[in-house]
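Student: For reference, the file start-v1.cif (mmCIF, C-alpha atoms) is included below:
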data_data
#
loop_
_atom_site.label_atom_id
_atom_site.label_comp_id
_atom_site.auth_asym_id
_atom_site.auth_seq_id
_atom_site.Cartn_x
_atom_site.Cartn_y
_atom_site.Cartn_z
CA ILE V 140 100.49 106.16 104.39
CA PHE V 141 99.36 102.87 102.82
CA TYR V 142 99.51 101.00 106.13
CA LEU V 143 97.70 103.88 107.90
CA ILE V 144 94.86 103.94 105.35
CA PHE V 145 94.63 100.13 105.42
CA THR V 146 94.39 100.13 109.23
CA ILE V 147 91.70 102.83 109.28
CA LEU V 148 89.58 101.10 106.64
CA TYR V 149 90.05 97.74 108.31
CA CYS V 150 88.91 99.06 111.70
CA ILE V 151 85.84 101.00 110.51
CA PRO V 152 82.72 98.94 111.26
CA TYR V 153 79.73 98.62 108.96
CA ILE V 154 81.32 99.63 105.70
CA PRO V 155 80.47 97.74 102.48
CA GLY V 156 81.91 94.25 102.68
CA TYR V 157 82.26 94.16 106.47
CA GLU V 158 80.61 90.72 106.62
CA LEU V 159 83.34 89.31 104.39
CA ARG V 160 85.91 91.14 106.51
CA ASN V 161 84.54 89.48 109.67
CA SER V 162 84.78 86.06 108.01
CA SER V 163 88.36 86.84 106.97
CA ASN V 164 89.16 87.86 110.57
CA LYS V 165 87.92 84.51 111.86
CA LEU V 166 89.99 82.67 109.27
CA PHE V 167 93.12 84.69 110.14
CA LYS V 168 92.63 83.90 113.82
CA LEU V 169 92.32 80.19 113.06
CA VAL V 170 95.52 80.28 110.98
CA ILE V 171 97.57 82.30 113.47
CA SER V 172 96.34 80.67 116.70
CA ILE V 173 96.43 77.07 115.55
CA SER V 174 96.99 74.56 118.35
CA LYS V 175 97.81 70.90 118.63
CA GLY V 176 94.86 68.69 117.72
CA SER V 177 93.18 71.34 115.54
CA ASN V 178 91.29 70.20 112.47
CA ILE V 179 92.89 72.23 109.66
CA SER V 180 90.58 73.08 106.77
CA PHE V 181 91.60 73.59 103.15
CA SER V 182 90.82 77.32 103.39
CA GLU V 183 93.25 77.63 106.33
CA VAL V 184 95.98 75.90 104.31
CA LEU V 185 95.26 78.13 101.31
CA LEU V 186 95.48 81.29 103.42
CA ALA V 187 98.70 80.22 105.18
CA ASP V 188 100.23 79.39 101.79
CA ALA V 189 99.19 82.81 100.49
CA LEU V 190 100.91 84.45 103.46
CA THR V 191 104.23 82.91 102.41
CA SER V 192 103.96 84.91 99.18
CA LEU V 193 103.70 88.03 101.34
CA SER V 194 107.08 87.45 102.96
CA LYS V 195 108.53 90.44 101.07
CA VAL V 196 105.56 92.56 102.15
CA PHE V 197 106.20 91.60 105.78
CA LYS V 198 109.83 92.61 105.23
CA ASP V 199 108.79 95.99 103.80
CA PHE V 200 106.45 96.43 106.76
CA GLY V 201 109.46 95.93 109.05
CA VAL V 202 111.34 98.69 107.20
CA THR V 203 108.30 100.97 107.66
CA ILE V 204 108.18 100.22 111.40
CA ILE V 205 111.87 101.08 111.81
CA ALA V 206 111.50 104.31 109.79
CA ILE V 207 108.49 105.45 111.84
CA TYR V 208 110.20 104.54 115.12
CA ALA V 209 113.35 106.45 114.14
CA HIS V 210 111.26 109.50 113.18
CA ILE V 211 109.28 109.45 116.44
CA ARG V 212 112.40 109.04 118.57
CA GLY V 213 114.29 111.62 116.52
CA VAL V 214 117.25 109.28 115.92
CA ASN V 215 119.23 108.41 112.82
CA ILE V 216 117.74 105.34 111.19
CA GLU V 217 121.25 103.95 110.62
CA SER V 218 121.68 103.64 114.40
CA LEU V 219 118.85 101.08 114.35
CA HIS V 220 120.42 99.01 111.60
CA GLU V 221 121.19 95.88 113.66
CA PHE V 222 117.83 95.82 115.42
CA GLY V 223 116.10 96.59 112.11
CA MET V 224 117.73 93.76 110.18
CA ILE V 225 116.81 91.22 112.86
CA LEU V 226 113.22 92.50 112.95
CA ILE V 227 112.98 92.40 109.16
CA ALA V 228 114.33 88.82 109.04
CA LEU V 229 111.86 87.74 111.76
CA LEU V 230 108.91 89.29 109.94
CA ALA V 231 109.99 87.76 106.61
CA SER V 232 110.24 84.35 108.33
CA TYR V 233 106.92 84.59 110.15
CA PRO V 234 104.63 83.39 107.28
CA PHE V 235 106.79 80.28 106.86
CA ILE V 236 106.70 79.64 110.62
CA ILE V 237 102.88 79.72 110.50
CA ARG V 238 102.78 77.23 107.63
CA ILE V 239 105.34 74.93 109.27
CA ARG V 240 103.25 74.98 112.44
CA GLN V 241 100.22 73.92 110.40
CA CYS V 242 102.17 71.08 108.83
CA TYR V 243 103.43 69.94 112.24
CA VAL V 244 99.87 69.79 113.60
CA GLN V 245 98.85 67.74 110.55
CA PHE V 246 101.90 65.51 111.03
CA GLU V 247 100.99 64.83 114.66
CA ALA V 248 97.37 64.06 113.75
CA SER V 249 98.23 61.61 110.96
CA SER V 250 98.94 57.93 111.57
CA ASP V 251 99.54 57.00 107.93
CA PRO V 252 103.30 56.63 107.20
CA ILE V 253 102.96 57.85 103.60
CA SER V 254 100.98 60.94 104.63
CA ARG V 255 103.44 61.68 107.42
CA SER V 256 106.37 61.39 104.99
CA ALA V 257 104.69 63.84 102.58
CA ILE V 258 103.98 66.30 105.40
CA LEU V 259 107.58 66.04 106.60
CA CYS V 260 108.82 66.85 103.09
CA ASN V 261 106.46 69.84 103.06
CA ILE V 262 107.97 71.06 106.34
CA ILE V 263 111.45 70.78 104.81
CA LYS V 264 110.25 72.77 101.79
CA TYR V 265 109.07 75.68 103.93
CA ALA V 266 112.12 75.49 106.18
CA SER V 267 114.34 75.88 103.10
CA ALA V 268 113.16 79.50 102.93
CA PHE V 269 114.97 80.39 106.18
CA PRO V 270 118.65 80.15 105.05
CA PRO V 271 118.37 82.80 102.28
CA ILE V 272 116.53 85.18 104.65
CA TRP V 273 118.91 84.84 107.58
CA LEU V 274 122.13 84.59 105.57
CA ALA V 275 121.20 87.84 103.80
CA ALA V 276 120.50 89.41 107.21
CA ALA V 277 123.85 88.14 108.51
CA ALA V 278 125.65 89.69 105.53
CA SER V 279 123.92 93.00 106.17
CA LEU V 280 124.98 92.83 109.83
CA GLY V 281 128.62 92.54 108.80
CA TYR V 282 129.21 88.80 109.03
CA PHE V 283 131.32 88.53 105.92
CA HIS V 284 132.60 85.44 104.16
CA PRO V 285 133.99 85.40 100.60
CA ASN V 286 131.59 82.63 99.61
CA LEU V 287 128.53 84.05 101.38
CA PRO V 288 126.86 85.51 98.24
CA SER V 289 127.32 82.18 96.46
CA ILE V 290 125.94 80.27 99.46
CA VAL V 291 122.88 82.55 99.58
CA ALA V 292 122.32 82.03 95.84
CA VAL V 293 122.64 78.23 96.17
CA MET V 294 120.21 78.10 99.10
CA ALA V 295 117.72 80.36 97.31
CA THR V 296 118.00 78.16 94.19
CA LEU V 297 117.33 75.02 96.23
CA ASN V 298 114.29 76.65 97.82
CA SER V 299 112.94 77.70 94.42
CA LEU V 300 113.49 74.26 92.87
CA ILE V 301 111.96 72.41 95.83
CA SER V 302 108.96 74.75 95.88
CA PHE V 303 108.45 74.46 92.12
CA SER V 304 108.62 70.65 92.24
CA TRP V 305 106.13 70.59 95.10
CA ASP V 306 103.80 72.88 93.14
CA ILE V 307 103.72 70.53 90.18
CA ILE V 308 103.62 67.20 91.99
CA MET V 309 101.68 67.82 95.19
CA ASP V 310 99.78 71.12 94.96
CA TRP V 311 98.65 70.78 91.35
CA GLY V 312 98.70 66.98 91.23
CA MET V 313 100.28 66.76 87.78
CA ILE V 314 102.22 63.68 88.87
CA SER V 315 101.06 61.29 91.58
CA TYR V 316 102.92 58.61 93.50
CA THR V 317 100.67 55.67 94.27
CA ARG V 318 100.85 53.34 97.25
CA ASP V 319 102.11 50.55 94.99
CA LYS V 320 105.15 52.76 94.20
CA LYS V 321 104.14 53.91 90.72
CA TYR V 322 104.22 57.37 89.18
CA ILE V 323 101.15 58.36 87.18
CA ILE V 324 100.35 61.52 85.23
CA ARG V 325 97.03 63.16 85.93
CA GLN V 326 94.33 62.30 83.39
CA ARG V 327 91.53 64.69 84.38
CA PHE V 328 91.76 68.42 83.67
CA LEU V 329 89.16 71.13 84.25
CA TRP V 330 91.04 73.83 82.34
CA PRO V 331 92.16 73.78 78.66
CA LEU V 332 95.28 71.61 78.41
CA PRO V 333 97.59 74.31 76.90
CA THR V 334 97.03 76.51 79.97
CA TYR V 335 98.82 73.94 82.14
CA PHE V 336 102.01 74.17 80.10
CA PHE V 337 101.81 77.97 80.26
CA ALA V 338 101.20 77.88 84.03
CA ILE V 339 104.11 75.50 84.66
CA ILE V 340 106.57 77.63 82.66
CA ILE V 341 105.41 80.93 84.21
CA ASN V 342 105.47 79.39 87.68
CA LEU V 343 109.04 78.19 87.16
CA ILE V 344 110.21 81.61 85.90
CA LEU V 345 108.54 83.53 88.73
CA ARG V 346 109.83 81.12 91.37
CA PHE V 347 113.23 82.59 90.44
CA SER V 348 112.10 86.23 90.50
CA TRP V 349 114.68 86.88 93.24
CA ILE V 350 117.44 86.91 90.59
CA ALA V 351 115.85 89.87 88.76
CA ASN V 352 118.24 92.41 90.32
CA ARG V 353 121.17 90.36 89.02
CA LEU V 354 120.03 90.41 85.38
CA PRO V 355 121.49 93.04 83.00
CA PHE V 356 118.03 93.66 81.54
CA PHE V 357 116.84 95.19 84.84
CA GLU V 358 120.01 97.16 85.67
CA GLN V 359 118.53 100.44 84.45
CA LEU V 360 115.47 100.16 86.68
CA ASN V 361 115.23 101.95 90.00
CA SER V 362 115.45 99.43 92.85
CA SER V 363 112.04 100.46 94.27
CA HIS V 364 110.45 100.02 90.83
CA LEU V 365 112.04 96.60 90.49
CA VAL V 366 110.75 95.54 93.92
CA LEU V 367 107.26 96.68 92.93
CA MET V 368 107.45 94.70 89.68
CA VAL V 369 108.60 91.56 91.50
CA GLU V 370 105.80 91.86 94.07
CA ILE V 371 103.17 92.37 91.35
CA ALA V 372 104.58 89.33 89.54
CA GLU V 373 104.28 87.32 92.76
CA ILE V 374 100.63 88.38 93.13
CA PHE V 375 100.02 87.10 89.60
CA ARG V 376 101.89 83.86 90.28
CA ARG V 377 100.02 83.22 93.52
CA SER V 378 96.65 83.97 91.88
CA MET V 379 97.45 81.54 89.08
CA TRP V 380 98.73 79.00 91.61
CA ASN V 381 95.44 79.26 93.54
CA LEU V 382 93.39 78.41 90.44
CA TYR V 383 95.24 75.17 89.83
CA ARG V 384 95.53 74.33 93.53
CA ILE V 385 91.76 74.68 94.04
CA GLU V 386 91.14 72.70 90.85
CA TRP V 387 93.24 69.83 92.18
CA GLU V 388 91.42 69.94 95.52
CA VAL V 389 88.07 69.75 93.70
CA LEU V 390 89.23 66.66 91.79
CA VAL V 391 90.55 65.04 94.97
CA GLN V 392 87.28 65.66 96.80
CA GLN V 393 85.28 64.34 93.83
CA ASP V 394 87.34 61.14 93.81
CA ARG V 395 86.97 60.82 97.58
CA LEU V 396 83.20 61.33 97.38
CA GLY V 397 82.97 58.76 94.60
CA SER V 398 84.99 56.29 96.66
CA ASP V 399 82.73 56.83 99.70
CA LYS V 400 79.65 56.22 97.57
CA ASP V 401 81.17 53.01 96.23
CA ASP V 402 81.86 51.86 99.81
CA GLU V 403 78.28 52.58 100.82
CA TYR V 404 76.99 50.67 97.79
CA ASP V 405 79.20 47.70 98.67
CA LYS V 406 77.77 47.66 102.18
CA LEU V 407 74.17 47.72 100.91
CA ALA V 408 74.75 45.19 98.17
CA PRO V 409 73.48 41.63 98.93
#
Please re-express this file's structure in structure tokens.

Tutor:
Amino acid sequence: IFYLIFTILYCIPYIPGYELRNSSNKLFKLVISISKGSNISFSEVLLADALTSLSKVFKDFGVTIIAIYAHIRGVNIESLHEFGMILIALLASYPFIIRIRQCYVQFEASSDPISRSAILCNIIKYASAFPPIWLAAAASLGYFHPNLPSIVAVMATLNSLISFSWDIIMDWGMISYTRDKKYIIRQRFLWPLPTYFFAIIINLILRFSWIANRLPFFEQLNSSHLVLMVEIAEIFRRSMWNLYRIEWEVLVQQDRLGSDKDDEYDKLAP
């Protein structure tokens, strides 16, 4: 019902906010249909990053597609299990594929070795999301190994740790690595300083939200309720992440603008 209502509202022209919807459509098209040589804007990166937080939503959408298809065809949904698990894994992987494609285009366009190294590390970060998705799908398809649950947990932990580290160092700019091989802590902050400590701790906890169903505290919760809680928590985490990501971009652009002005002054100076 949710997807039906969303589709109807999204397709109705000339409703309040349709101008914003049209702008969003253009941005989605740019993100999805990116090609080699494209100039990727910050808004495109921000949207593609946001889509990775919707991986679970894409997965739920896959479950909905299978359920509707089984109902229309009048077949038992269990008979579609293998096809369904592959579809669900593909849909869950799709946001990360989009972001990796963006990074690859940026990698190809860059000639700076340091920038290329950072982009390559970013590609590895997003690619680390694939093993937990596909190993879980393999387990559901009957490919059993005694150590498979442990392997899935290890891979998911690595993905969470890599993503958290990237958040702090690269996306929020808390720590920078200079070209003369020095680490420096950011000195400029637009938000009250205590909020950064809160954001870092909350971000770390919610990066590991996938372990919620393994904690005794949540054992009494219905699985659907737990999934809803985790997805709401991810919306909060991503919203918070956006605030600090945009803040860091503002500071970077201010520094870049200041540097350009200094260069122009040097050229005009006698």

Student: I'd like to know which of V:Trp305, V:Phe283, V:Phe197, V:Tyr335 is closest to Ile258 in chain V, using all atoms listed in the file.

Tutor: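 Using all atoms listed in the file, the shortest distance to Ile258 in chain V belongs to V:Trp305.
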
Student: Going by the chain IDs and residue numbers used in this file, which residues fall under the PyMOL selection byres ((chain V and resi 196) around 12)? Write them as a list of chain:residue names.

Tutor: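 Applying the PyMOL selection byres ((chain V and resi 196) around 12) to the structure shown produces V:Tyr142, V:Ala189, V:Leu190, V:Thr191, V:Ser192, V:Leu193, V:Ser194, V:Lys195, V:Phe197, V:Lys198, V:Asp199, V:Phe200, V:Gly201, V:Val202, V:Thr203, V:Ile227, V:Ala228, V:Leu230, V:Ala231, V:Ser232, V:Tyr233, V:Pro234, V:Val366, V:Leu367, V:Val369, V:Glu370, V:Ile371, V:Glu373, V:Ile374.
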
Student: Which residues, written as a list in words, have at least one atom at most 7 Å from range 171-187 of chain V, with all atoms listed in the file counted and residues fewer than 2 positions away on the same chain left out?

Tutor: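 After dropping sequence-adjacent residues, the list is Leu166, Phe167, Lys168, Leu169, Ala189, Leu190, Thr191, Ile237, Arg238, Val244 and Ala248 of chain V.
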
Student: What's the 7 Å shell around Arg384 in chain V, counting all atoms listed in the file, without same-chain residues fewer than 4 positions away, as a short mmCIF file (atom, residue, chain, number, x, y, z; two decimals) with C-alpha atoms, in the frame of the given file?

Tutor:
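Written out: around_20.cif:
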data_model
loop_
_atom_site.label_atom_id
_atom_site.label_comp_id
_atom_site.auth_asym_id
_atom_site.auth_seq_id
_atom_site.Cartn_x
_atom_site.Cartn_y
_atom_site.Cartn_z
CA ASP V 310 99.78 71.12 94.96
CA TRP V 311 98.65 70.78 91.35
CA TRP V 380 98.73 79.00 91.61
CA GLU V 388 91.42 69.94 95.52
#

Student: Evaluating the PyMOL selection byres ((chain V and resi 315-332) around 9) on the displayed file yields which residues, as an mmCIF file with C-alpha atoms, in the coordinates of the input?

Tutor:
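Okay, this is what ended up in part_13.cif:
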data_model
loop_
_atom_site.group_PDB
_atom_site.id
_atom_site.type_symbol
_atom_site.label_atom_id
_atom_site.label_comp_id
_atom_site.auth_asym_id
_atom_site.auth_seq_id
_atom_site.Cartn_x
_atom_site.Cartn_y
_atom_site.Cartn_z
ATOM 1 C CA ILE V 253 102.960 57.850 103.600
ATOM 2 C CA ILE V 308 103.620 67.200 91.990
ATOM 3 C CA MET V 309 101.680 67.820 95.190
ATOM 4 C CA GLY V 312 98.700 66.980 91.230
ATOM 5 C CA MET V 313 100.280 66.760 87.780
ATOM 6 C CA ILE V 314 102.220 63.680 88.870
ATOM 7 C CA PRO V 333 97.590 74.310 76.900
ATOM 8 C CA THR V 334 97.030 76.510 79.970
ATOM 9 C CA TYR V 335 98.820 73.940 82.140
ATOM 10 C CA PHE V 336 102.010 74.170 80.100
ATOM 11 C CA TYR V 383 95.240 75.170 89.830
ATOM 12 C CA GLU V 386 91.140 72.700 90.850
ATOM 13 C CA TRP V 387 93.240 69.830 92.180
ATOM 14 C CA LEU V 390 89.230 66.660 91.790
#

Student: Quick one: residues within 12 Å of Arg353 in chain V, only C-alpha atoms, excluding same-chain residues fewer than 5 positions away - as a PyMOL selection string?

Tutor: chain V and resi 288+292+347-348+358-360+362+365

Student: Let me make sure I understand: among V:Leu259, V:Ala295, V:Val170, V:Ala206, which one has the smallest atom-to-atom distance to Ile236 in chain V if we use all atoms listed in the file?

Tutor: V:Val170
